[in-house]
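Text of target.txt (compact mmCIF, C-alpha atoms) as supplied:
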# COMPACT_ATOMS: atom_id res chain seq x y z
CA MET A 19 -18.31 -43.87 5.01
CA LEU A 20 -19.47 -42.62 1.61
CA LEU A 21 -22.29 -40.68 3.28
CA PHE A 22 -19.78 -39.07 5.66
CA GLY A 23 -17.61 -38.03 2.68
CA VAL A 24 -20.60 -36.52 0.87
CA THR A 25 -21.60 -34.61 4.03
CA ILE A 26 -18.06 -33.21 4.41
CA THR A 27 -18.04 -32.17 0.75
CA LYS A 28 -21.40 -30.40 1.07
CA MET A 29 -20.24 -28.60 4.23
CA SER A 30 -17.00 -27.51 2.59
CA ASN A 31 -18.80 -26.35 -0.55
CA SER A 32 -21.18 -24.25 1.55
CA PHE A 33 -18.31 -22.92 3.65
CA PHE A 34 -16.22 -22.00 0.58
CA ILE A 35 -17.15 -20.66 -2.83
CA SER A 36 -17.23 -23.40 -5.48
CA ASN A 37 -14.81 -22.09 -8.15
CA THR A 38 -11.87 -24.32 -7.12
CA SER A 39 -11.24 -27.59 -5.27
CA THR A 40 -11.64 -27.80 -1.50
CA LYS A 41 -8.02 -28.95 -1.13
CA PHE A 42 -6.80 -25.85 -2.97
CA LYS A 43 -8.98 -23.53 -0.87
CA ILE A 44 -7.81 -25.01 2.44
CA SER A 45 -4.12 -24.94 1.47
CA PHE A 46 -4.56 -21.39 0.10
CA SER A 47 -6.13 -20.27 3.40
CA ILE A 48 -3.40 -21.93 5.52
CA ALA A 49 -0.70 -20.24 3.40
CA GLY A 50 -2.54 -16.95 3.94
CA MET A 51 -2.52 -17.46 7.71
CA ILE A 52 1.25 -18.11 7.68
CA ILE A 53 1.91 -14.99 5.57
CA LEU A 54 -0.40 -12.88 7.77
CA TRP A 55 1.28 -14.10 10.99
CA GLY A 56 4.78 -13.49 9.61
CA SER A 57 3.81 -10.02 8.39
CA ILE A 58 2.34 -9.01 11.75
CA PHE A 59 5.49 -10.26 13.52
CA ALA A 60 7.70 -8.21 11.15
CA LEU A 61 5.53 -5.09 11.60
CA LYS A 62 5.82 -5.36 15.36
CA LYS A 63 9.59 -5.84 15.20
CA TYR A 64 10.64 -3.25 12.60
CA THR A 65 8.11 -0.40 12.99
CA PRO A 66 10.14 1.16 15.88
CA ASP A 67 13.08 1.58 13.43
CA LEU A 68 11.05 4.07 11.36
CA ASN A 69 12.83 6.91 13.10
CA LEU A 70 14.65 9.64 11.19
CA HIS A 71 17.23 9.90 13.97
CA GLU A 72 18.49 6.46 12.97
CA GLU A 73 21.14 5.89 10.30
CA PRO A 74 19.61 6.24 6.76
CA ARG A 75 20.48 2.62 5.97
CA ILE A 76 18.53 1.38 9.02
CA VAL A 77 15.54 3.55 8.12
CA TYR A 78 15.74 2.28 4.52
CA TYR A 79 15.62 -1.35 5.67
CA ALA A 80 12.79 -0.56 8.10
CA ILE A 81 10.75 1.09 5.33
CA LEU A 82 11.27 -1.88 2.99
CA VAL A 83 10.33 -4.43 5.69
CA THR A 84 7.30 -2.34 6.71
CA LEU A 85 6.12 -2.16 3.08
CA ILE A 86 6.63 -5.91 2.66
CA SER A 87 4.77 -6.56 5.92
CA ALA A 88 1.89 -4.28 4.92
CA MET A 89 1.58 -6.02 1.54
CA GLY A 90 1.94 -9.39 3.28
CA SER A 91 -0.82 -8.59 5.76
CA LEU A 92 -3.14 -7.58 2.95
CA LEU A 93 -2.17 -10.59 0.85
CA GLY A 94 -2.57 -13.03 3.75
CA ALA A 95 -5.99 -11.66 4.66
CA ILE A 96 -7.12 -11.81 1.01
CA MET A 97 -5.94 -15.44 0.76
CA ILE A 98 -7.91 -16.32 3.89
CA LEU A 99 -11.11 -14.43 3.07
CA SER A 100 -11.36 -14.56 -0.73
CA HIS A 101 -12.53 -18.20 -0.92
CA LEU A 102 -15.14 -18.00 1.84
CA ASN A 103 -18.84 -18.19 1.01
CA TYR A 104 -20.35 -15.16 2.73
CA LYS A 105 -23.89 -16.49 2.27
CA ASN A 106 -22.97 -19.06 4.93
CA LYS A 107 -24.23 -17.89 8.34
CA ILE A 108 -21.19 -19.34 10.17
CA ASN A 109 -18.88 -17.24 7.98
CA GLN A 110 -21.02 -14.16 8.58
CA PHE A 111 -20.89 -14.74 12.36
CA ILE A 112 -17.09 -15.27 12.34
CA LEU A 113 -16.54 -12.13 10.24
CA PHE A 114 -18.73 -9.92 12.45
CA LEU A 115 -17.18 -11.39 15.62
CA LEU A 116 -13.67 -10.75 14.28
CA MET A 117 -14.60 -7.19 13.30
CA GLY A 118 -16.06 -6.55 16.76
CA ILE A 119 -12.94 -7.85 18.53
CA LEU A 120 -10.63 -5.82 16.29
CA ILE A 121 -12.65 -2.62 16.76
CA GLY A 122 -12.55 -3.08 20.54
CA VAL A 123 -8.82 -3.84 20.73
CA SER A 124 -7.83 -1.20 18.15
CA VAL A 125 -8.77 1.55 20.61
CA TYR A 126 -5.74 0.56 22.70
CA ASN A 127 -3.38 -1.05 20.16
CA SER A 128 -1.94 0.57 17.01
CA LEU A 129 -1.02 -2.78 15.42
CA THR A 130 -4.62 -3.95 15.75
CA ARG A 131 -5.72 -0.78 13.96
CA ILE A 132 -3.55 -1.86 11.03
CA LEU A 133 -5.26 -5.27 11.03
CA LEU A 134 -8.68 -3.63 11.21
CA ILE A 135 -7.88 -1.42 8.23
CA THR A 136 -6.61 -4.52 6.39
CA LEU A 137 -9.87 -6.37 7.09
CA ILE A 138 -11.95 -3.39 5.94
CA VAL A 139 -9.89 -3.18 2.74
CA ASP A 140 -10.48 -6.92 2.21
CA ALA A 141 -14.22 -6.45 2.70
CA ILE A 142 -14.15 -3.73 0.04
CA ILE A 143 -12.17 -6.03 -2.25
CA PHE A 144 -14.75 -8.78 -1.72
CA PHE A 145 -17.55 -6.50 -2.87
CA ILE A 146 -15.38 -5.54 -5.84
CA VAL A 147 -15.08 -9.27 -6.62
CA VAL A 148 -18.85 -9.55 -6.76
CA ILE A 149 -19.34 -6.39 -8.81
CA LEU A 150 -16.11 -5.93 -10.80
CA PHE A 151 -14.17 -9.19 -11.03
CA LYS A 152 -11.38 -7.80 -13.25
CA VAL A 153 -10.62 -4.92 -10.86
CA TYR A 154 -10.26 -7.48 -8.05
CA SER A 155 -7.76 -9.35 -10.21
CA THR A 156 -5.72 -6.18 -10.79
CA ILE A 157 -5.63 -5.28 -7.08
CA THR A 158 -4.71 -8.80 -6.00
CA THR A 159 -1.97 -9.35 -8.59
CA MET A 160 -0.52 -5.91 -7.86
CA ILE A 161 -0.29 -6.80 -4.15
CA VAL A 162 1.29 -10.20 -4.92
CA THR A 163 3.83 -8.84 -7.42
CA SER A 164 4.76 -5.91 -5.14
CA PHE A 165 5.27 -8.38 -2.27
CA ILE A 166 7.66 -10.49 -4.40
CA TYR A 167 9.38 -7.39 -5.84
CA LEU A 168 10.03 -5.88 -2.40
CA LEU A 169 11.42 -9.18 -1.11
CA LEU A 170 13.85 -9.25 -4.06
CA ILE A 171 14.83 -5.60 -3.42
CA LEU A 172 15.42 -6.35 0.27
CA GLY A 173 17.67 -9.29 -0.60
CA SER A 174 19.54 -7.30 -3.28
CA SER A 175 20.04 -4.37 -0.87
CA ALA A 176 21.44 -6.65 1.83
CA LEU A 177 23.87 -8.14 -0.70
CA LEU A 178 24.89 -4.71 -1.99
CA PHE A 179 25.57 -3.33 1.50
CA LEU A 180 27.52 -6.48 2.32
CA ILE A 181 29.75 -6.08 -0.75
CA VAL A 182 30.02 -2.28 -0.45
CA PRO A 183 29.83 -1.50 3.33
CA ASN A 184 30.38 2.24 2.84
CA PHE A 185 27.66 2.63 0.20
CA THR A 186 25.63 5.75 1.02
CA ILE A 187 21.99 6.26 0.10
CA ASN A 188 19.52 9.11 -0.26
CA LEU A 189 16.18 7.85 1.05
CA ASN A 190 14.06 10.08 -1.17
CA SER A 191 15.81 9.29 -4.45
CA ILE A 192 16.30 5.57 -3.94
CA LEU A 193 12.71 4.92 -2.79
CA TYR A 194 11.34 7.05 -5.63
CA THR A 195 13.40 5.00 -8.11
CA LEU A 196 12.46 1.60 -6.63
CA ILE A 197 8.70 2.30 -6.37
CA THR A 198 8.48 3.93 -9.81
CA LEU A 199 10.41 1.01 -11.32
CA PHE A 200 7.89 -1.43 -9.83
CA LEU A 201 4.95 0.53 -11.23
CA ILE A 202 6.56 0.46 -14.69
CA LEU A 203 7.40 -3.27 -14.44
CA TYR A 204 3.84 -4.11 -13.35
CA ARG A 205 2.52 -2.20 -16.35
CA LEU A 206 4.70 -4.38 -18.61
CA VAL A 207 3.79 -7.79 -17.11
CA GLY A 208 0.31 -6.95 -15.79
CA VAL A 209 -1.77 -8.39 -18.64
CA TRP A 210 -0.01 -11.76 -18.55
CA VAL A 211 -0.10 -11.94 -14.73
CA ASN A 212 -3.81 -11.11 -14.58
CA GLN A 213 -4.74 -13.56 -17.34
CA PHE A 214 -2.84 -16.27 -15.45
CA PHE A 215 -4.56 -15.34 -12.16
CA ILE A 216 -8.03 -15.30 -13.73
CA SER A 217 -7.63 -18.60 -15.60
CA VAL A 218 -5.54 -20.67 -13.15
CA VAL A 219 -6.15 -19.31 -9.64
CA MET A 220 -9.76 -18.19 -10.02
CA ASN A 221 -10.62 -20.90 -12.58
CA GLN A 222 -12.33 -18.47 -14.99
CA LYS A 223 -10.68 -19.54 -18.26
CA LYS A 224 -13.51 -18.26 -20.46
CA ILE A 225 -13.00 -14.60 -19.54
CA LYS A 226 -9.21 -14.40 -19.28
CA HIS A 227 -8.82 -12.98 -22.82
CA GLU A 228 -11.19 -10.14 -21.90
CA TYR A 229 -8.37 -8.77 -19.74
CA THR A 230 -6.49 -6.57 -22.23
CA SER A 231 -3.79 -3.90 -22.03
CA GLU A 232 -6.48 -1.18 -22.14
CA VAL A 233 -8.28 -2.78 -19.16
CA LEU A 234 -5.01 -2.93 -17.20
CA VAL A 235 -4.12 0.72 -17.86
CA SER A 236 -7.58 1.97 -16.86
CA HIS A 237 -7.53 -0.09 -13.64
CA ILE A 238 -4.05 0.92 -12.48
CA ASN A 239 -4.70 4.57 -13.32
CA LEU A 240 -7.84 4.41 -11.18
CA ILE A 241 -5.89 2.80 -8.30
CA TYR A 242 -3.13 5.43 -8.56
CA ILE A 243 -5.62 8.30 -8.64
CA VAL A 244 -7.48 6.98 -5.56
CA ILE A 245 -4.22 6.65 -3.60
CA PHE A 246 -3.10 10.07 -4.86
CA ILE A 247 -6.35 11.66 -3.60
CA LEU A 248 -6.08 9.88 -0.22
CA ILE A 249 -2.48 11.03 0.32
CA ASN A 250 -3.35 14.63 -0.48
CA SER A 251 -6.78 14.86 1.18
CA THR A 252 -5.54 13.39 4.48
CA GLY A 253 -2.65 15.86 4.61
CA LEU A 254 0.02 13.14 4.74
CA ILE A 255 1.92 14.78 1.89
CA TYR A 256 2.35 18.00 3.91
CA LYS A 257 4.23 16.45 6.85
CA GLN A 258 7.28 18.52 7.72
CA GLY A 259 10.81 17.16 8.03
CA ASP A 260 13.84 16.04 6.06
CA TYR A 261 12.01 13.00 4.77
CA ASN A 262 8.37 12.35 3.86
CA PHE A 263 7.61 8.89 2.46
CA TYR A 264 4.10 9.92 1.38
CA ASN A 265 5.50 12.76 -0.71
CA VAL A 266 7.81 10.27 -2.44
CA LEU A 267 4.87 7.89 -3.00
CA ASN A 268 2.76 10.74 -4.35
CA ASN A 269 5.46 11.63 -6.90
CA CYS A 270 5.82 7.96 -7.92
CA PHE A 271 2.14 7.71 -8.80
CA ILE A 272 2.19 11.02 -10.69
CA THR A 273 5.12 9.69 -12.75
CA ALA A 274 3.37 6.35 -13.38
CA ILE A 275 0.12 8.04 -14.48
CA ALA A 276 2.09 10.29 -16.85
CA ILE A 277 3.95 7.30 -18.34
CA ASN A 278 0.66 5.41 -18.83
CA GLN A 279 -0.68 8.29 -20.92
CA VAL A 280 2.13 8.02 -23.47
CA ASN A 281 1.30 6.11 -26.65
CA TRP A 282 4.65 4.43 -27.23
CA ARG A 283 3.52 2.98 -30.58
CA SER A 284 3.33 6.51 -31.99
CA PHE A 285 7.15 6.73 -31.82
CA LYS A 286 7.57 3.93 -34.37
CA PHE A 287 8.54 4.95 -37.90

Representation of the structure as structure tokens:
Amino acid sequence: MLLFGVTITKMSNSFFISNTSTKFKISFSIAGMIILWGSIFALKKYTPDLNLHEEPRIVYYAILVTLISAMGSLLGAIMILSHLNYKNKINQFILFLLMGILIGVSVYNSLTRILLITLIVDAIIFFIVVILFKVYSTITTMIVTSFIYLLLILGSSALLFLIVPNFTINLNSILYTLITLFLILYRLVGVWVNQFFISVVMNQKKIKHEYTSEVLVSHINLIYIVIFILINSTGLIYKQGDYNFYNVLNNCFITAIAINQVNWRSFKF
């Protein structure tokens, strides 16, 4: 019996990385699967509502749910893949098999293309973990906090529209305000959130104090600049019509980068 337990422990340690307990890794992965499944279901259900011919309130809800689902898909996949030991040949086989299936199906299915992009992003994040651990922490905590923030906004919006049925919205202004507000809030709580993630979740207590405000600002500016370049270089910002979400997103990141450059301490007397 003892030998069987030791064998299971060795198998689990080789299957997962050894930073945290096996129980934590398994429960973390199961939670990731649930979040990923729920996010895919929501994407499939609400993506058709992203139609400018619909009522602005319906489009607003659809955008919020789509953003939450996109963050959820990324978060779920990270939770599943981040604790795996990629030196293990079984894990390598499963990953390549999954990639092959997704590439094949994505030719015919747009939702699968989203999953494929998510998996590729996760692979990039994994290499970032190996090379730049602190950047991985920033990306992961930003995804988690944005997921929670958007859920709170969705609930608050539903309550507001219930209390004030005739409340009208301007998609451009309200989304600009909500996204920019999140970027500012993350800047304020980012150091504490990342120190907690590094010490508690990733079990790296010795290096948590190396994550400073300067590290946070440099990381989030880099993330914003990369997204800014992608939006502009792919031409998404130049889409014609009454509403362009990517243009709003572009302006949010420009605002956030500008705010991050201000030395607020210089205003003290």

Practice task
Skip Leu248 (chain A) itself and residues of its chain fewer than 6 positions away, then list as a list of chain:residue names all residues within 12 Å of it, counting all atoms listed in the file.
Solution key: A:Ile241, A:Tyr242, A:Leu254, A:Ile255, A:Tyr264, A:Asn265, A:Leu267, A:Asn268

Based on the selection just made, write C-alpha atoms of those residues as an mmCIF file, in the coordinates of the input.
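out_25.cif was written with the following content:
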data_model
loop_
_atom_site.group_PDB
_atom_site.id
_atom_site.type_symbol
_atom_site.label_atom_id
_atom_site.label_comp_id
_atom_site.auth_asym_id
_atom_site.auth_seq_id
_atom_site.Cartn_x
_atom_site.Cartn_y
_atom_site.Cartn_z
ATOM 1 C CA ILE A 241 -5.890 2.800 -8.300
ATOM 2 C CA TYR A 242 -3.130 5.430 -8.560
ATOM 3 C CA LEU A 254 0.020 13.140 4.740
ATOM 4 C CA ILE A 255 1.920 14.780 1.890
ATOM 5 C CA TYR A 264 4.100 9.920 1.380
ATOM 6 C CA ASN A 265 5.500 12.760 -0.710
ATOM 7 C CA LEU A 267 4.870 7.890 -3.000
ATOM 8 C CA ASN A 268 2.760 10.740 -4.350
#

Problem - Between CA of Ile161 (chain A) and CA of His237 (chain A) - distance in Å to one decimal - result: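 Answer for the CA of His237 (chain A) to CA of Ile161 (chain A) separation: 13.7 Å.
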
Exercise for the section: For CA of Ile108 (chain A) and CA of Asn221 (chain A), quote the distance in Å rounded to one decimal. Expected result: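 Pair CA of Ile108 (chain A) / CA of Asn221 (chain A) returns 25.1 Å.
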
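You can rank A:Thr156, A:Ser174, A:Ser217, A:Asn262 by their closest distance to Asn190 (chain A) using only C-alpha atoms, and at the top of that list sits A:Asn262.
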
Problem - Closest of A:Leu201, A:Leu189, A:Ala60, A:Val162 to Cys270 (chain A) - atom-to-atom distances counting only C-alpha atoms - result: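 Closest to Cys270 (chain A), using only C-alpha atoms: A:Leu201.
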
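CA of Gly253 (chain A) is positioned 28.5 Å from CA of Thr159 (chain A).
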